[in-house]
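Asks: Pasting a structure here, questions to come.
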Amino acid sequence: MKVINLIRISWKALLRNKTRALLTMLGIIIGIGSVIAMVSLGQSSTKSISTEISSMSTNVIMVMRASQTQGGINIGSGNVQSLTQNDIEAIKAGSVKISKASPVVNSSQQAVYGANNWPGSIRGVNEDYLSINNFEIASGTNFTAEDVKTSEKVCLIGKTVVDNLFDDGENPLGQVIRLGKIPVKIVGILKSKGQNQMGMDQDDIILMPYTTVQKRMLAINYIHMISASAISEEASDLAVADIESILRRTHKIKEGADDDFEVRTQQQILDMLSSVTGMLTLLLAAIAAISLLVGGIGIMNIMYVTVTERTREIGLRMAVGARNNDILKQFLFESSIMSLAGGMIGMAFGVGLSYIASYFLGWPFVLNLITMGISFFVCAAIGIFFGWYPARKASNLDPINALRYE
Amino acid sequence: MKTIIKVDKLRREFIMGIEIVYALRGISFEIHEGEFVSIMGTSGSGKSTLLNILGCLDKPTSGEYYLDNISVSGLSKNELSTIRNRKIGFVFQSYNLLPRTSALENVELPLLYNHTVSGKERREMAMHALELVGLSDRMGHTPSQLSGGQQQRVAIARALVNDPVMLLADEATGNLDTRTSYEIMSLFQELNTKGKTIVFVTHEPDIAVFTNRIIKLRDGLIIKDEAVKTMSAIAALESLPVNDDYEIMVETLN
Ligand SMILES: Nc1ncnc2c1ncn2[C@@H]1O[C@H](COP(=O)(O)OP(=O)(O)OP(=O)(O)O)[C@@H](O)[C@H]1O
Ligand SMILES: [Mg+2]
């Protein structure tokens, strides 16, 4: 039998029952649509992260207090007070791979200006923090090393803080805001950085000399974190190794004992983040694939109904000369056409969905032709796989019984 | 004259659980080219079983069947399909047209399973067959837009489209009223005079009179096989009262 005739027969048979064919296809449409959308969005987010990486200083190194376990329970890093300004001096002096380093002391205080107030995220740092972390100043100036030494009550504020504390048109420069009980003078305003890859607002920030935060706000003498930069991206790994050996020495950690600190590079964090997005994408795609499976079972179900309903038609076709194989192929074609057409519509649907979503999320739109190609074959496979048993049933009918079927 | 059908000691048994149903119990006859044979008999006498075997839809339990000088018993399933497609035209009691499909496409159906026929030929042959049954003006109509008689004509056109060596009809007028039955019979007669061999199963004697040979079955055996004087279906049609059957009935009641 000619393939063209086979396609013709299957196509006509589907047209005779358009609504049913469309409803059957719906499962595949949704299945393929969501797989395409998930994979494509996953790739968009990964791409958006990697664009961010390339636009960012990847030579930033963070040193944190290690999270410690007591009796098997992770008690977090809060109880250890292992990092101090001395560590920074030691690192700066001990490694040629480190260009700059700044302490970080975090605090949160209600920021008040006039009638406005805002929960301020305060970060106590030194004068090098801006350049380490690619912050730029929109207006005003950075605070100086002198300010740090004398625990001056000065600060730099981000755009979000400006927007929430000051009315439109008001110039915050030189104004004094209150952080908790302490009046602090604004010496500079940071350029907006937007959200980071974790969705955190990087403009909701108040930078102050760390000494001011330590002495006047928290009354502590340790620091929470060290933020440093390697001299180059390539030197990052060596710098990390240097920091580890220096800190083990200054912290007097015995051979074989665990570090009481943790060193992370920006790169590591981003890698971790992309692996998390990757896993999330995989998970969502797996869920979408299950809906595809359900769509396939839907096709099988309808094909069974169709075969029973069209028993007489099958008998007639056999009576006028259709071979068992022709009947088998006809029904396989019918199920494959449905799943392929459903797949096409689903692809268009998924691409459209991910285009709109990536537009609103501000991610780059990624169209993966390989995924599309694979989806196409998956659809064909679903049509054949789930159409097989109903088609077998049809082709094994006895023509006489089929013609007599009521 | 050329022998189209030759059956010899044809038997067909059905096994129903532990019971055996003897549907045909040794049937022999020959049908020559150009004959118009009716197969008669009471219900359950084996008419349909015989016709199914003649139509290569079923195989006999034993006995020989030669169609167009080919022994059918030795053929494979696929070869039987080809024979049904090229040499046999079926007409059923219940038309068996594809729903929501035009008359033309219904008639084209057997040709779709014949790879030697091109798309253009297919259309032409189907149109020609519809002309033969007098439905040139109904080609685009679907079965639901046709009367019972017209549907049966489409089915006859479908049976004719391959130019088969014989037509097989099982109670082809069973669903039709008297007038339409006569019309269909006159169509069969016309096809027969053009040389088509026809085997026609019926249990109505007033339909069988339009054929030229009657084979009568009882309990799977032939009890009578004789040539008969053929009545003209057109003449019978003309002798029918112009009014429809209902009015005749009312008149006779009065
Ligand atoms: N598939 C089958 N399985 C079992 N028995 C069958 C089968 N087909 C036919 N028979 C039996 O064979 C016998 C002949 O049946 P057949 O259908 O040939 O009768 P028929 O002469 O066509 O009757 P009718 O005029 O009612 O159509 C019947 O007794 C029937 O029950
Ligand atoms: Mg019968």
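So you can find residues: chains in the structure tokens are A, B, ... in the order shown, residues in each start at 1, and ligands are numbered from 1 in order.
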Would you mind listing what lies within 10 Å of Ser34 of chain A as a list in words, with only C-alpha atoms counted and same-chain residues fewer than 6 positions away left out?
Replies: Ile28, Ser40, Leu284, Ala285, Ile287, Ala288, Ala289, Ser291, Leu292, Gly346, Met347, Phe349, Gly350, Val351, Leu353 and Ser354 of chain A
Asks: Kindly determine which residues of chain B lie within 9 Å of chain A, considering only C-alpha atoms, and give the answer as an MDAnalysis selection string.
Replies: chainID B and resid 52 55:58 77:86 88:90 96:101 109:115 119 158:159
Asks: Mind the document's chain letters and residue numbers, and return as a ChimeraX atom specification the residues of segment 55-93 of chain B that DSSP labels strand (DSSP E or B).
Replies: /B:62-67,70-71,88-91
Asks: Would you write out those residues with N, CA and C atoms, as a PDB file, in the first residue's frame?
Replies:
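The file below, result_37.pdb, is the result:
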ATOM      1  N   SER B  62     -13.333 -27.760   5.050  1.00  0.00           N
ATOM      2  CA  SER B  62     -12.761 -28.664   4.051  1.00  0.00           C
ATOM      3  C   SER B  62     -13.477 -28.427   2.733  1.00  0.00           C
ATOM      4  N   GLY B  63     -12.956 -29.010   1.682  1.00  0.00           N
ATOM      5  CA  GLY B  63     -13.534 -28.796   0.362  1.00  0.00           C
ATOM      6  C   GLY B  63     -12.711 -27.804  -0.431  1.00  0.00           C
ATOM      7  N   GLU B  64     -12.971 -27.742  -1.717  1.00  0.00           N
ATOM      8  CA  GLU B  64     -12.184 -26.904  -2.611  1.00  0.00           C
ATOM      9  C   GLU B  64     -12.998 -25.733  -3.128  1.00  0.00           C
ATOM     10  N   TYR B  65     -12.321 -24.621  -3.329  1.00  0.00           N
ATOM     11  CA  TYR B  65     -12.980 -23.451  -3.902  1.00  0.00           C
ATOM     12  C   TYR B  65     -12.031 -22.852  -4.935  1.00  0.00           C
ATOM     13  N   TYR B  66     -12.511 -22.835  -6.194  1.00  0.00           N
ATOM     14  CA  TYR B  66     -11.727 -22.199  -7.254  1.00  0.00           C
ATOM     15  C   TYR B  66     -12.418 -20.925  -7.664  1.00  0.00           C
ATOM     16  N   LEU B  67     -11.706 -19.826  -7.587  1.00  0.00           N
ATOM     17  CA  LEU B  67     -12.256 -18.542  -8.027  1.00  0.00           C
ATOM     18  C   LEU B  67     -11.447 -18.098  -9.235  1.00  0.00           C
ATOM     19  N   ILE B  70      -8.439 -20.056  -9.784  1.00  0.00           N
ATOM     20  CA  ILE B  70      -7.375 -20.102  -8.776  1.00  0.00           C
ATOM     21  C   ILE B  70      -7.918 -20.850  -7.570  1.00  0.00           C
ATOM     22  N   SER B  71      -7.115 -21.788  -7.036  1.00  0.00           N
ATOM     23  CA  SER B  71      -7.538 -22.475  -5.828  1.00  0.00           C
ATOM     24  C   SER B  71      -7.308 -21.548  -4.640  1.00  0.00           C
ATOM     25  N   ILE B  88     -13.452  -9.140  -6.330  1.00  0.00           N
ATOM     26  CA  ILE B  88     -14.755  -9.276  -5.687  1.00  0.00           C
ATOM     27  C   ILE B  88     -15.315  -7.916  -5.291  1.00  0.00           C
ATOM     28  N   GLY B  89     -16.620  -7.750  -5.508  1.00  0.00           N
ATOM     29  CA  GLY B  89     -17.299  -6.554  -5.015  1.00  0.00           C
ATOM     30  C   GLY B  89     -18.390  -6.977  -4.048  1.00  0.00           C
ATOM     31  N   PHE B  90     -18.332  -6.433  -2.827  1.00  0.00           N
ATOM     32  CA  PHE B  90     -19.322  -6.785  -1.806  1.00  0.00           C
ATOM     33  C   PHE B  90     -20.417  -5.738  -1.699  1.00  0.00           C
ATOM     34  N   VAL B  91     -21.657  -6.208  -1.545  1.00  0.00           N
ATOM     35  CA  VAL B  91     -22.752  -5.286  -1.203  1.00  0.00           C
ATOM     36  C   VAL B  91     -23.440  -5.863   0.035  1.00  0.00           C
TER      37      VAL B  91
END
Asks: What do you get as a ChimeraX atom specification if you pick all residues at most 7 Å from ligand 1, counting only C-alpha atoms and all ligand atoms?
Replies: /A:401 /B:14-16,21-23,41-50,203
Asks: May I ask for the distance between atom CA of Val161 of chain B and atom CA of Ile5 of chain B, given in Å to one decimal place?
Replies: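 According to the coordinates, atom CA of Val161 of chain B and atom CA of Ile5 of chain B are separated by 20.6 Å.
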Asks: Just the residues within 7 Å of segment 266-273 of chain A, please, counting only C-alpha atoms, with nothing from its chain fewer than 3 positions along; format it as a VMD selection string.
Replies: chain A and resid 58 to 61 276 to 277
Asks: Could you pull out the helix (DSSP H, G or I) residues of segment 138-343 of chain A, going by DSSP on the backbone, and write them as a PyMOL selection string?
Replies: chain A and resi 145-149+159-165+210-218+236-250+266-309+311-319+324-343
Asks: Which neighbours of segment 84-88 of chain A fall inside 8 Å, counting only C-alpha atoms, when residues of the same chain fewer than 5 positions from it are skipped, and could you give them as an NGL selection string?
Replies: :A and (101-103 or 221-223 or 226 or 247 or 250)
Asks: Put those residues in a file: C-alpha atoms, as a compact mmCIF listing (two decimals), in the first residue's frame.
Replies:
# COMPACT_ATOMS: atom_id res chain seq x y z
CA ALA A 101 40.40 43.00 51.76
CA SER A 102 37.61 44.45 53.84
CA PRO A 103 35.91 43.31 57.02
CA ASN A 221 35.24 43.41 68.49
CA TYR A 222 35.08 40.60 65.99
CA ILE A 223 33.90 40.71 62.39
CA ILE A 226 36.02 39.10 55.19
CA LEU A 247 44.20 31.60 58.77
CA THR A 250 46.90 32.60 62.90
Asks: Please compute the atom CA of Ile18 of chain B-atom CA of Asn396 of chain A distance, one decimal, in Å.
Replies: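 Atom CA of Asn396 of chain A lies 24.5 Å from atom CA of Ile18 of chain B.
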Asks: So what do you get for atom CA of Asp170 of chain B versus atom CA of Val201 of chain B, distance-wise?
Replies: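 Those two atoms sit 4.8 Å apart.
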Asks: Near Ala233 of chain B, counting only C-alpha atoms, which residues have an atom at most 8 Å away, once you skip same-chain residues fewer than 3 positions from it, shown as a short mmCIF file (atom, residue, chain, number, x, y, z; two decimals) with N, CA, C and O atoms, in the first residue's frame?
Replies:
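This is the output file result16.cif:
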data_model
loop_
_atom_site.label_atom_id
_atom_site.label_comp_id
_atom_site.auth_asym_id
_atom_site.auth_seq_id
_atom_site.Cartn_x
_atom_site.Cartn_y
_atom_site.Cartn_z
N TYR B 182 -36.98 -2.97 -6.02
CA TYR B 182 -37.10 -3.23 -7.46
C TYR B 182 -36.13 -2.36 -8.24
O TYR B 182 -35.52 -2.80 -9.21
N GLU B 183 -35.99 -1.12 -7.79
CA GLU B 183 -35.03 -0.22 -8.47
C GLU B 183 -33.62 -0.79 -8.39
O GLU B 183 -32.88 -0.81 -9.38
N MET B 185 -32.86 -3.91 -7.88
CA MET B 185 -32.79 -5.13 -8.68
C MET B 185 -32.66 -4.81 -10.16
O MET B 185 -31.95 -5.52 -10.89
N SER B 186 -33.31 -3.74 -10.61
CA SER B 186 -33.18 -3.41 -12.03
C SER B 186 -31.76 -2.94 -12.33
O SER B 186 -31.20 -3.21 -13.39
N GLN B 189 -29.79 -6.06 -12.59
CA GLN B 189 -30.08 -6.70 -13.89
C GLN B 189 -29.32 -6.01 -15.01
O GLN B 189 -28.76 -6.65 -15.89
N PHE B 210 -35.99 -12.10 -10.05
CA PHE B 210 -35.28 -11.23 -10.99
C PHE B 210 -33.92 -11.81 -11.38
O PHE B 210 -33.20 -11.22 -12.18
N ALA B 236 -41.53 -4.89 -13.63
CA ALA B 236 -42.17 -5.02 -12.32
C ALA B 236 -42.35 -3.65 -11.68
O ALA B 236 -43.38 -3.35 -11.07
N LEU B 237 -41.35 -2.81 -11.88
CA LEU B 237 -41.38 -1.46 -11.33
C LEU B 237 -42.53 -0.67 -11.94
O LEU B 237 -43.26 0.04 -11.25
#
Asks: Would you pick out the contacts of Arg179 of chain B at 12 Å or less, using only C-alpha atoms, so that residues sharing its chain but fewer than 5 positions from it are not included, and give the list as a PyMOL selection string?
Replies: chain B and resi 148-149+173+184-186+207+233-246
Asks: Compare B:Gly17, B:Pro143, B:Gly26, B:Pro164 by their minimum atom-to-atom distance to Thr61 of chain B, counting only C-alpha atoms, and give me the closest one.
Replies: B:Gly26
Asks: I want to know what sits within 12 Å of segment 176-179 of chain A, based on only C-alpha atoms, with residues of the same chain fewer than 5 positions away left out; could you give that as a PyMOL selection string?
Replies: chain A and resi 107-122+153-157+161-162+165-166+171+184-188+206-208+212-213+216-217
Asks: Which residue is closest to ligand 2? Choose from B:Val7, B:Ala208, B:Met166, B:Met40 and count only C-alpha atoms and all ligand atoms.
Replies: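 Going through B:Val7, B:Ala208, B:Met166, B:Met40 one by one, the smallest distance to ligand 2 is for B:Met40.
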